[in-house]
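J.: Provided herewith is a single structure, encoded as structure tokens, for subsequent inquiry.
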Amino acid sequence: MAINKNHEFEDLDNIKCSIVEKNASESRVQFLKDLLTYNKYEVVVVGSPAPKAAPAPAIVAPVDGEAAPVPVPTPEPVAPTTFTVGVTDLRFNPTNAVFGRSLHTPDGHVVTLAYWQQQDAVSDDTVPYFEHNK
């Protein structure tokens, strides 16, 4: 059980994992998978569960002399395809990994918060995150 919201655990494909991110898009999954695999973590990716469906509309009983109302079927909204990303190392915490500067990019730089959030294409670790003006 997690101590706080920042360090969650879940069974992904029957493997106990530390959750890196939930409801991630395909491009985000590929970015995280490449980065974490480079840092020697075993990554597990599963599809996120579909959102709960809205309750069906109530069927109104016909009134004397009137025809029964025909329920109009509402098309099911297409659920966005999202994924849950986890790593098998239960000690891994994404917040601690980024701010503790323990993750590295393939070109040898330390992963910054802007790089982790994919706001910067290149990790500029020369300026501390608290001095980064954006």
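Here, A, B, ... name the chains of the structure tokens in the order displayed, residue numbers run from 1 inside each chain, and ligands are numbered from 1 in the same displayed order.
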Excluding Val87 (chain A) and any residue of its chain fewer than 2 positions from it, enumerate the residues within 6 Å of it, using only C-alpha atoms, and give them as a list in words.
T.: Cys17, Ser18, Glu42, Val43, Val44 and Asp89 of chain A
J.: Given the selection you just returned, output its residues as a file containing C-alpha atoms, formatted as a PDB file, in the first residue's frame.
T.:
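Below is the file out_22.pdb, written as the result:
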```pdb
ATOM      1  CA  CYS A  17       4.636  -2.691 -10.235  1.00  0.00           C
ATOM      2  CA  SER A  18       5.383   0.794  -9.068  1.00  0.00           C
ATOM      3  CA  GLU A  42      11.851  -3.219 -16.596  1.00  0.00           C
ATOM      4  CA  VAL A  43       8.772  -1.437 -17.952  1.00  0.00           C
ATOM      5  CA  VAL A  44       5.263  -2.930 -17.956  1.00  0.00           C
ATOM      6  CA  ASP A  89      11.303  -2.057  -9.246  1.00  0.00           C
TER       7      ASP A  89
END
```
J.: Find, counting only C-alpha atoms, the residue in A:Thr37, A:Thr112, A:Thr81, A:Asn23 that gets nearest to Thr126 (chain A).
T.: A:Thr112
J.: Work out how far CA of His109 (chain A) is from CA of His7 (chain A), in Å to one decimal.
T.: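 CA of His109 (chain A) lies 24.8 Å from CA of His7 (chain A).
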J.: To one decimal in Å, tell me the separation between CA of Val98 (chain A) and CA of Val110 (chain A).
T.: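 Atom-to-atom, CA of Val98 (chain A) and CA of Val110 (chain A) are spaced 8.5 Å apart.
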J.: List the neighbours of Pro106 (chain A) out to 12 Å using only C-alpha atoms; skip same-chain residues closer than 5 positions along the sequence, and give me the result as a PyMOL selection string.
T.: chain A and resi 31+34-40+111+122-123
J.: Between CA of Ala97 (chain A) and CA of Pro49 (chain A), what distance in Å does the model show, to one decimal?
T.: 26.6 Å
